[in-house]
file run.cif (mmCIF, C-alpha atoms and all ligand atoms)
data_upload
#
loop_
_atom_site.group_PDB
_atom_site.id
_atom_site.type_symbol
_atom_site.label_atom_id
_atom_site.label_comp_id
_atom_site.auth_asym_id
_atom_site.auth_seq_id
_atom_site.Cartn_x
_atom_site.Cartn_y
_atom_site.Cartn_z
ATOM 1 C CA MET A 1 140.444 51.934 134.385
ATOM 2 C CA ARG A 2 140.847 48.247 135.198
ATOM 3 C CA LEU A 3 138.479 46.276 133.048
ATOM 4 C CA VAL A 4 137.399 42.772 132.158
ATOM 5 C CA PHE A 5 135.673 42.214 128.818
ATOM 6 C CA ILE A 6 133.371 39.205 128.530
ATOM 7 C CA GLY A 7 131.753 38.269 125.229
ATOM 8 C CA PRO A 8 131.529 35.576 122.585
ATOM 9 C CA PRO A 9 134.317 35.170 120.049
ATOM 10 C CA GLY A 10 134.028 37.865 117.409
ATOM 11 C CA SER A 11 132.079 40.253 119.644
ATOM 12 C CA GLY A 12 134.666 42.997 119.120
ATOM 13 C CA LYS A 13 136.300 42.893 122.572
ATOM 14 C CA GLY A 14 139.762 42.953 121.026
ATOM 15 C CA THR A 15 138.920 45.861 118.726
ATOM 16 C CA GLN A 16 137.582 47.930 121.615
ATOM 17 C CA ALA A 17 140.560 47.041 123.827
ATOM 18 C CA LYS A 18 142.874 48.257 121.050
ATOM 19 C CA LEU A 19 140.972 51.556 120.774
ATOM 20 C CA LEU A 20 141.250 52.084 124.535
ATOM 21 C CA GLN A 21 144.983 51.462 124.229
ATOM 22 C CA GLU A 22 145.454 53.954 121.368
ATOM 23 C CA ARG A 23 143.279 56.661 122.854
ATOM 24 C CA LEU A 24 143.613 56.268 126.614
ATOM 25 C CA GLY A 25 146.775 54.240 127.190
ATOM 26 C CA VAL A 26 144.911 51.258 128.604
ATOM 27 C CA GLN A 27 146.952 48.059 128.264
ATOM 28 C CA PRO A 28 145.054 45.315 126.443
ATOM 29 C CA ILE A 29 145.752 41.817 127.768
ATOM 30 C CA GLY A 30 144.311 39.383 125.245
ATOM 31 C CA THR A 31 144.920 35.813 126.319
ATOM 32 C CA GLY A 32 144.030 34.453 122.864
ATOM 33 C CA ASP A 33 146.690 36.754 121.339
ATOM 34 C CA ILE A 34 149.231 35.732 123.977
ATOM 35 C CA LEU A 35 148.557 32.037 123.325
ATOM 36 C CA ARG A 36 148.768 32.481 119.533
ATOM 37 C CA ALA A 37 152.159 34.196 119.962
ATOM 38 C CA ALA A 38 153.321 31.371 122.267
ATOM 39 C CA LEU A 39 152.208 28.826 119.710
ATOM 40 C CA LYS A 40 154.031 30.639 116.904
ATOM 41 C CA ASP A 41 157.216 30.833 118.998
ATOM 42 C CA GLY A 42 156.926 27.148 119.905
ATOM 43 C CA THR A 43 157.107 27.787 123.677
ATOM 44 C CA PRO A 44 156.075 25.034 126.133
ATOM 45 C CA THR A 45 152.848 26.942 126.868
ATOM 46 C CA GLY A 46 152.130 27.201 123.144
ATOM 47 C CA LYS A 47 152.617 23.464 122.721
ATOM 48 C CA ILE A 48 150.229 22.659 125.570
ATOM 49 C CA ALA A 49 147.616 25.134 124.285
ATOM 50 C CA GLU A 50 147.641 24.167 120.602
ATOM 51 C CA PRO A 51 145.334 21.114 120.616
ATOM 52 C CA TYR A 52 142.744 22.903 122.761
ATOM 53 C CA MET A 53 142.804 25.989 120.532
ATOM 54 C CA LYS A 54 142.467 23.877 117.402
ATOM 55 C CA ARG A 55 139.312 22.306 118.794
ATOM 56 C CA GLY A 56 137.933 25.608 120.063
ATOM 57 C CA GLU A 57 138.090 24.413 123.667
ATOM 58 C CA LEU A 58 139.421 26.235 126.681
ATOM 59 C CA VAL A 59 143.013 25.547 127.647
ATOM 60 C CA PRO A 60 143.311 24.310 131.253
ATOM 61 C CA ASP A 61 142.805 26.957 133.945
ATOM 62 C CA THR A 62 146.210 26.359 135.534
ATOM 63 C CA VAL A 63 147.982 27.053 132.217
ATOM 64 C CA ILE A 64 146.155 30.292 131.480
ATOM 65 C CA ASN A 65 146.262 31.480 135.109
ATOM 66 C CA ASP A 66 150.060 31.199 135.059
ATOM 67 C CA VAL A 67 150.236 33.140 131.789
ATOM 68 C CA VAL A 68 148.192 36.016 133.241
ATOM 69 C CA ALA A 69 149.886 35.934 136.654
ATOM 70 C CA GLU A 70 153.183 36.759 134.908
ATOM 71 C CA TYR A 71 151.771 40.160 133.960
ATOM 72 C CA PHE A 72 150.687 41.003 137.476
ATOM 73 C CA HIS A 73 153.403 39.477 139.633
ATOM 74 C CA GLY A 74 156.281 41.372 138.014
ATOM 75 C CA PRO A 75 157.769 44.608 139.386
ATOM 76 C CA ASN A 76 155.463 46.862 137.320
ATOM 77 C CA PRO A 77 151.968 45.422 137.108
ATOM 78 C CA PRO A 78 149.725 47.319 134.668
ATOM 79 C CA GLN A 79 147.682 50.043 136.365
ATOM 80 C CA LYS A 80 145.228 50.530 133.498
ATOM 81 C CA PHE A 81 144.228 47.407 131.637
ATOM 82 C CA ALA A 82 141.468 45.700 129.671
ATOM 83 C CA MET A 83 141.363 41.912 129.962
ATOM 84 C CA ASP A 84 140.218 40.541 126.607
ATOM 85 C CA GLY A 85 139.173 36.901 126.919
ATOM 86 C CA TYR A 86 140.204 36.295 130.541
ATOM 87 C CA PRO A 87 138.816 35.198 132.936
ATOM 88 C CA ARG A 88 136.596 32.701 131.139
ATOM 89 C CA THR A 89 135.749 30.388 134.048
ATOM 90 C CA LEU A 90 134.970 30.896 137.723
ATOM 91 C CA ALA A 91 138.258 29.254 138.685
ATOM 92 C CA GLN A 92 140.063 31.790 136.501
ATOM 93 C CA ALA A 93 138.083 34.659 138.036
ATOM 94 C CA GLU A 94 139.092 33.528 141.502
ATOM 95 C CA ALA A 95 142.762 33.121 140.565
ATOM 96 C CA PHE A 96 142.674 36.553 138.929
ATOM 97 C CA ALA A 97 141.113 38.126 142.024
ATOM 98 C CA ALA A 98 143.956 36.666 144.097
ATOM 99 C CA SER A 99 146.565 38.062 141.666
ATOM 100 C CA LEU A 100 144.982 41.502 141.815
ATOM 101 C CA ARG A 101 144.780 41.432 145.616
ATOM 102 C CA GLN A 102 148.453 40.610 145.728
ATOM 103 C CA CYS A 103 149.318 43.776 143.813
ATOM 104 C CA ARG A 104 146.645 45.828 145.618
ATOM 105 C CA LEU A 105 144.574 46.478 142.531
ATOM 106 C CA ASP A 106 140.848 46.082 142.080
ATOM 107 C CA LEU A 107 138.644 45.926 139.025
ATOM 108 C CA THR A 108 136.671 49.020 138.100
ATOM 109 C CA ARG A 109 134.160 47.408 135.699
ATOM 110 C CA VAL A 110 133.308 44.207 133.867
ATOM 111 C CA LEU A 111 131.666 44.724 130.472
ATOM 112 C CA VAL A 112 129.631 42.049 128.725
ATOM 113 C CA PHE A 113 129.560 42.380 124.925
ATOM 114 C CA ASN A 114 126.212 41.083 123.682
ATOM 115 C CA VAL A 115 126.022 39.903 120.064
ATOM 116 C CA PRO A 116 123.501 37.374 118.676
ATOM 117 C CA ASP A 117 124.930 33.926 117.818
ATOM 118 C CA ASP A 118 124.198 34.106 114.089
ATOM 119 C CA GLU A 119 125.939 37.481 113.849
ATOM 120 C CA VAL A 120 129.027 35.975 115.561
ATOM 121 C CA VAL A 121 129.174 33.091 113.080
ATOM 122 C CA HIS A 122 128.756 35.523 110.201
ATOM 123 C CA ARG A 123 131.531 37.839 111.475
ATOM 124 C CA LEU A 124 133.994 35.043 112.172
ATOM 125 C CA SER A 125 133.514 33.206 108.910
ATOM 126 C CA GLY A 126 134.273 36.545 107.198
ATOM 127 C CA ARG A 127 137.422 36.989 109.291
ATOM 128 C CA LYS A 128 138.898 33.744 108.015
ATOM 129 C CA SER A 129 139.924 35.252 104.697
ATOM 130 C CA ALA A 130 141.211 38.482 106.261
ATOM 131 C CA GLU A 131 143.594 37.065 108.899
ATOM 132 C CA THR A 132 144.137 33.344 108.941
ATOM 133 C CA ARG A 133 143.689 31.760 112.349
ATOM 134 C CA LEU A 134 143.835 28.072 113.083
ATOM 135 C CA ASP A 135 140.487 28.240 114.889
ATOM 136 C CA ASP A 136 138.409 30.156 112.351
ATOM 137 C CA ASP A 137 136.970 27.190 110.427
ATOM 138 C CA ILE A 138 133.222 26.847 110.735
ATOM 139 C CA GLU A 139 133.186 23.776 112.995
ATOM 140 C CA THR A 140 135.621 25.348 115.450
ATOM 141 C CA ILE A 141 133.745 28.654 115.380
ATOM 142 C CA ARG A 142 130.544 26.854 116.353
ATOM 143 C CA ASN A 143 132.374 24.997 119.106
ATOM 144 C CA ARG A 144 133.935 28.197 120.510
ATOM 145 C CA LEU A 145 130.496 29.756 120.594
ATOM 146 C CA LYS A 146 129.035 26.680 122.290
ATOM 147 C CA VAL A 147 131.822 26.727 124.884
ATOM 148 C CA TYR A 148 131.161 30.433 125.501
ATOM 149 C CA ASN A 149 127.434 29.853 125.948
ATOM 150 C CA GLN A 150 128.128 27.011 128.385
ATOM 151 C CA THR A 151 130.704 28.812 130.505
ATOM 152 C CA ALA A 152 129.954 32.542 130.510
ATOM 153 C CA GLN A 153 126.838 32.648 132.693
ATOM 154 C CA PRO A 154 128.420 31.706 136.048
ATOM 155 C CA LEU A 155 131.140 34.257 135.355
ATOM 156 C CA ILE A 156 128.581 36.938 134.554
ATOM 157 C CA ASP A 157 126.657 36.110 137.741
ATOM 158 C CA TYR A 158 129.883 36.255 139.776
ATOM 159 C CA TYR A 159 130.710 39.782 138.593
ATOM 160 C CA ARG A 160 127.094 40.899 138.840
ATOM 161 C CA ARG A 161 127.083 39.895 142.508
ATOM 162 C CA ALA A 162 130.256 41.956 142.930
ATOM 163 C CA GLY A 163 128.382 44.963 141.501
ATOM 164 C CA LEU A 164 130.872 45.345 138.654
ATOM 165 C CA LEU A 165 128.842 44.183 135.672
ATOM 166 C CA ARG A 166 127.636 46.377 132.797
ATOM 167 C CA GLU A 167 126.140 45.099 129.529
ATOM 168 C CA ILE A 168 126.798 46.542 126.093
ATOM 169 C CA ILE A 169 124.968 46.061 122.836
ATOM 170 C CA ALA A 170 127.964 45.171 120.681
ATOM 171 C CA THR A 171 126.341 45.417 117.256
ATOM 172 C CA GLY A 172 126.654 48.371 114.907
ATOM 173 C CA ASP A 173 129.491 50.683 114.039
ATOM 174 C CA VAL A 174 132.849 50.335 115.860
ATOM 175 C CA GLU A 175 132.836 54.001 116.972
ATOM 176 C CA GLU A 176 129.269 53.733 118.152
ATOM 177 C CA ILE A 177 130.214 50.705 120.262
ATOM 178 C CA TYR A 178 133.291 52.577 121.540
ATOM 179 C CA GLY A 179 130.938 55.326 122.750
ATOM 180 C CA ARG A 180 128.879 52.747 124.641
ATOM 181 C CA VAL A 181 132.058 51.301 126.152
ATOM 182 C CA LEU A 182 133.159 54.754 127.360
ATOM 183 C CA ASP A 183 129.732 55.323 128.878
ATOM 184 C CA GLN A 184 130.159 52.189 130.975
ATOM 185 C CA VAL A 185 133.825 52.003 131.962
ATOM 186 C CA GLY A 186 133.402 54.216 134.988
ATOM 187 C CA PRO A 187 136.144 56.315 136.568
HETATM 188 P P1 LIG B 1 140.269 34.151 121.750
HETATM 189 O O1 LIG B 1 141.217 34.811 120.793
HETATM 190 O O2 LIG B 1 140.086 34.926 123.019
HETATM 191 O O3 LIG B 1 138.964 33.777 121.101
HETATM 192 O O4 LIG B 1 140.964 32.789 122.197
HETATM 193 C C1 LIG B 1 141.319 31.801 121.261
HETATM 194 C C2 LIG B 1 141.506 30.467 121.969
HETATM 195 O O5 LIG B 1 142.542 30.570 122.960
HETATM 196 C C3 LIG B 1 140.292 29.980 122.747
HETATM 197 O O6 LIG B 1 139.371 29.287 121.920
HETATM 198 C C4 LIG B 1 140.938 29.068 123.782
HETATM 199 O O7 LIG B 1 141.334 27.828 123.200
HETATM 200 C C5 LIG B 1 142.209 29.829 124.123
HETATM 201 N N1 LIG B 1 141.991 30.777 125.242
HETATM 202 C C6 LIG B 1 142.104 32.134 125.206
HETATM 203 N N2 LIG B 1 141.838 32.685 126.405
HETATM 204 C C7 LIG B 1 141.541 31.639 127.231
HETATM 205 C C8 LIG B 1 141.149 31.542 128.598
HETATM 206 N N3 LIG B 1 141.004 32.625 129.369
HETATM 207 N N4 LIG B 1 140.931 30.304 129.099
HETATM 208 C C9 LIG B 1 141.081 29.203 128.345
HETATM 209 N N5 LIG B 1 141.414 29.216 127.055
HETATM 210 C C10 LIG B 1 141.655 30.425 126.488
#
call {"tool": "encode", "arguments": {"input": "run.cif", "output": "structure tokens"}}
result
Amino acid sequence: MRLVFIGPPGSGKGTQAKLLQERLGVQPIGTGDILRAALKDGTPTGKIAEPYMKRGELVPDTVINDVVAEYFHGPNPPQKFAMDGYPRTLAQAEAFAASLRQCRLDLTRVLVFNVPDDEVVHRLSGRKSAETRLDDDIETIRNRLKVYNQTAQPLIDYYRRAGLLREIIATGDVEEIYGRVLDQVGP
């Protein structure tokens, strides 16, 4: 099971990746989580990423590609994984494909999590009080959503052409959505 999750912020990709980890041993690779940890630890990557994250913009491709490449170019690349929030641009998808080729892995499926915009804004403004994140204020939420809507389509088309794409209705109960994910992840 080697998966990419595509979806707007707050579409539940991270929650589903965590469930796949707990229940099936799939390694979640959440680039937002990795960047937040880097920022907290004050690493050079964290320092570069911070202003972009604060504005709800994408950090430069080269920065994020290097972060992800570290996972796949080591001695034990993950064999079962769910990419949560990467790739987000075509350039990232191409760099990721090269990384995977290098370790002789291929993707099994790419799942798109579909949630209406107003539901996303509602979910994320609720999250602010539960777990404070520097990018959960309303302006940044709207910008992250705008960035998603501007960048996701070419990525979706790219994976559709590769025959890997499946779409999921990502509204409703978490377990219900998990069932839909399992129906689509393939072998
Ligand atoms: P997320 O938790 O996935 O919503 O990511 C939070 C923030 O981290 C995003 O708004 C971006 O600033 C940055 N980020 C995470 N993943 C990527 C990526 N693949 N490419 C560029 N920026 C990213």
call {"tool": "residues_near_ligand", "arguments": {"input": "run.cif", "ligand": "ligand LIG 1 (chain B)", "cutoff": "6 Å", "atoms": "only C-alpha atoms and all ligand atoms", "output": "PyMOL selection string"}}
result
chain A and resi 9+31-33+52-53+56-59+64+85-88+144
call {"tool": "resolve_selection", "arguments": {"input": "run.cif", "expression": "the PyMOL selection byres (((chain A and resi 10) around 8) and not hetatm)", "output": "VMD selection string"}}
result
chain A and resid 8 to 9 11 to 13 120 123 to 124
call {"tool": "closest_residue", "arguments": {"input": "run.cif", "among": "A:Val4, A:Thr89, A:Val67, A:Asp157", "to": "A:Pro44", "atoms": "all atoms listed in the file"}}
result
A:Val67
call {"tool": "resolve_selection", "arguments": {"input": "run.cif", "expression": "the PyMOL selection byres (((chain A and resi 168) around 10) and not hetatm)", "output": "short mmCIF file (atom, residue, chain, number, x, y, z; two decimals) with C-alpha atoms, in the coordinates of the input"}}
result
data_model
loop_
_atom_site.label_atom_id
_atom_site.label_comp_id
_atom_site.auth_asym_id
_atom_site.auth_seq_id
_atom_site.Cartn_x
_atom_site.Cartn_y
_atom_site.Cartn_z
CA GLY A 7 131.75 38.27 125.23
CA LEU A 111 131.67 44.72 130.47
CA VAL A 112 129.63 42.05 128.72
CA PHE A 113 129.56 42.38 124.92
CA ASN A 114 126.21 41.08 123.68
CA VAL A 115 126.02 39.90 120.06
CA ARG A 166 127.64 46.38 132.80
CA GLU A 167 126.14 45.10 129.53
CA ILE A 169 124.97 46.06 122.84
CA ALA A 170 127.96 45.17 120.68
CA THR A 171 126.34 45.42 117.26
CA ILE A 177 130.21 50.70 120.26
CA TYR A 178 133.29 52.58 121.54
CA ARG A 180 128.88 52.75 124.64
CA VAL A 181 132.06 51.30 126.15
CA ASP A 183 129.73 55.32 128.88
CA GLN A 184 130.16 52.19 130.98
#
call {"tool": "closest_residue", "arguments": {"input": "run.cif", "among": "A:Pro116, A:Ala91, A:Val185, A:Ser125", "to": "A:Tyr158", "atoms": "only C-alpha atoms"}}
result
A:Ala91
call {"tool": "atom_distance", "arguments": {"input": "run.cif", "atom1": "atom CA of A:Pro60", "atom2": "atom CA of A:Ala93"}}
result
13.4 Å
call {"tool": "residues_around", "arguments": {"input": "run.cif", "residues": "A:Gln79", "least_positions_apart": "2", "cutoff": "10 Å", "atoms": "all atoms listed in the file", "output": "PyMOL selection string"}}
result
chain A and resi 1-2+26-27+72+76-77+81+103+105-106
call {"tool": "residues_near_point", "arguments": {"input": "run.cif", "point": "(132.8, 48.7, 139.8)", "cutoff": "7 Å", "atoms": "all atoms listed in the file", "output": "ChimeraX atom specification"}}
result
/A:107-109,163-164
call {"tool": "write_last_selection", "arguments": {"input": "run.cif", "atoms": "C-alpha atoms", "output": "PDB file, in the coordinates of the input"}}
result
ATOM      1  CA  LEU A 107     138.644  45.926 139.025  1.00  0.00           C
ATOM      2  CA  THR A 108     136.671  49.020 138.100  1.00  0.00           C
ATOM      3  CA  ARG A 109     134.160  47.408 135.699  1.00  0.00           C
ATOM      4  CA  GLY A 163     128.382  44.963 141.501  1.00  0.00           C
ATOM      5  CA  LEU A 164     130.872  45.345 138.654  1.00  0.00           C
TER       6      LEU A 164
END
call {"tool": "axis_aligned_box", "arguments": {"input": "run.cif", "around": "stretch 68-78 of chain A", "padding_each_side": "3 Å", "output": "lines of an AutoDock Vina configuration file"}}
result
center_x = 153.0
center_y = 41.6
center_z = 136.4
size_x = 15.6
size_y = 17.4
size_z = 12.4
call {"tool": "closest_residue", "arguments": {"input": "run.cif", "among": "A:Leu39, A:Ala97, A:Leu90, A:Pro51", "to": "A:Val68", "atoms": "only C-alpha atoms"}}
result
A:Ala97
call {"tool": "atom_distance", "arguments": {"input": "run.cif", "atom1": "atom CA of A:Ala162", "atom2": "atom CA of A:Pro75"}}
result
27.9 Å
call {"tool": "atom_distance", "arguments": {"input": "run.cif", "atom1": "atom CA of A:Leu145", "atom2": "atom CA of A:Gly14"}}
result
16.1 Å
call {"tool": "closest_residue", "arguments": {"input": "run.cif", "among": "A:Gly172, A:Ala95, A:Leu100, A:Ile141", "to": "A:Gly74", "atoms": "all atoms listed in the file"}}
result
A:Leu100
call {"tool": "resolve_selection", "arguments": {"input": "run.cif", "expression": "the PyMOL selection byres (((chain A and resi 138) around 10) and not hetatm)", "output": "ChimeraX atom specification"}}
result
/A:121-122,124-125,128,135-137,139-144
call {"tool": "residues_around", "arguments": {"input": "run.cif", "residues": "A:Phe5", "least_positions_apart": "5", "cutoff": "6 Å", "atoms": "all atoms listed in the file", "output": "JSON list (two decimals) with C-alpha atoms, keeping the file's coordinate frame"}}
result
[["chain", "number", "residue", "atom", "x", "y", "z"],
["A", 83, "MET", "CA", 141.36, 41.91, 129.96],
["A", 84, "ASP", "CA", 140.22, 40.54, 126.61],
["A", 110, "VAL", "CA", 133.31, 44.21, 133.87],
["A", 111, "LEU", "CA", 131.67, 44.72, 130.47]]
call {"tool": "closest_residue", "arguments": {"input": "run.cif", "among": "A:Thr43, A:Gln16, A:Ser99, A:Gln150", "to": "A:His73", "atoms": "all atoms listed in the file"}}
result
A:Ser99
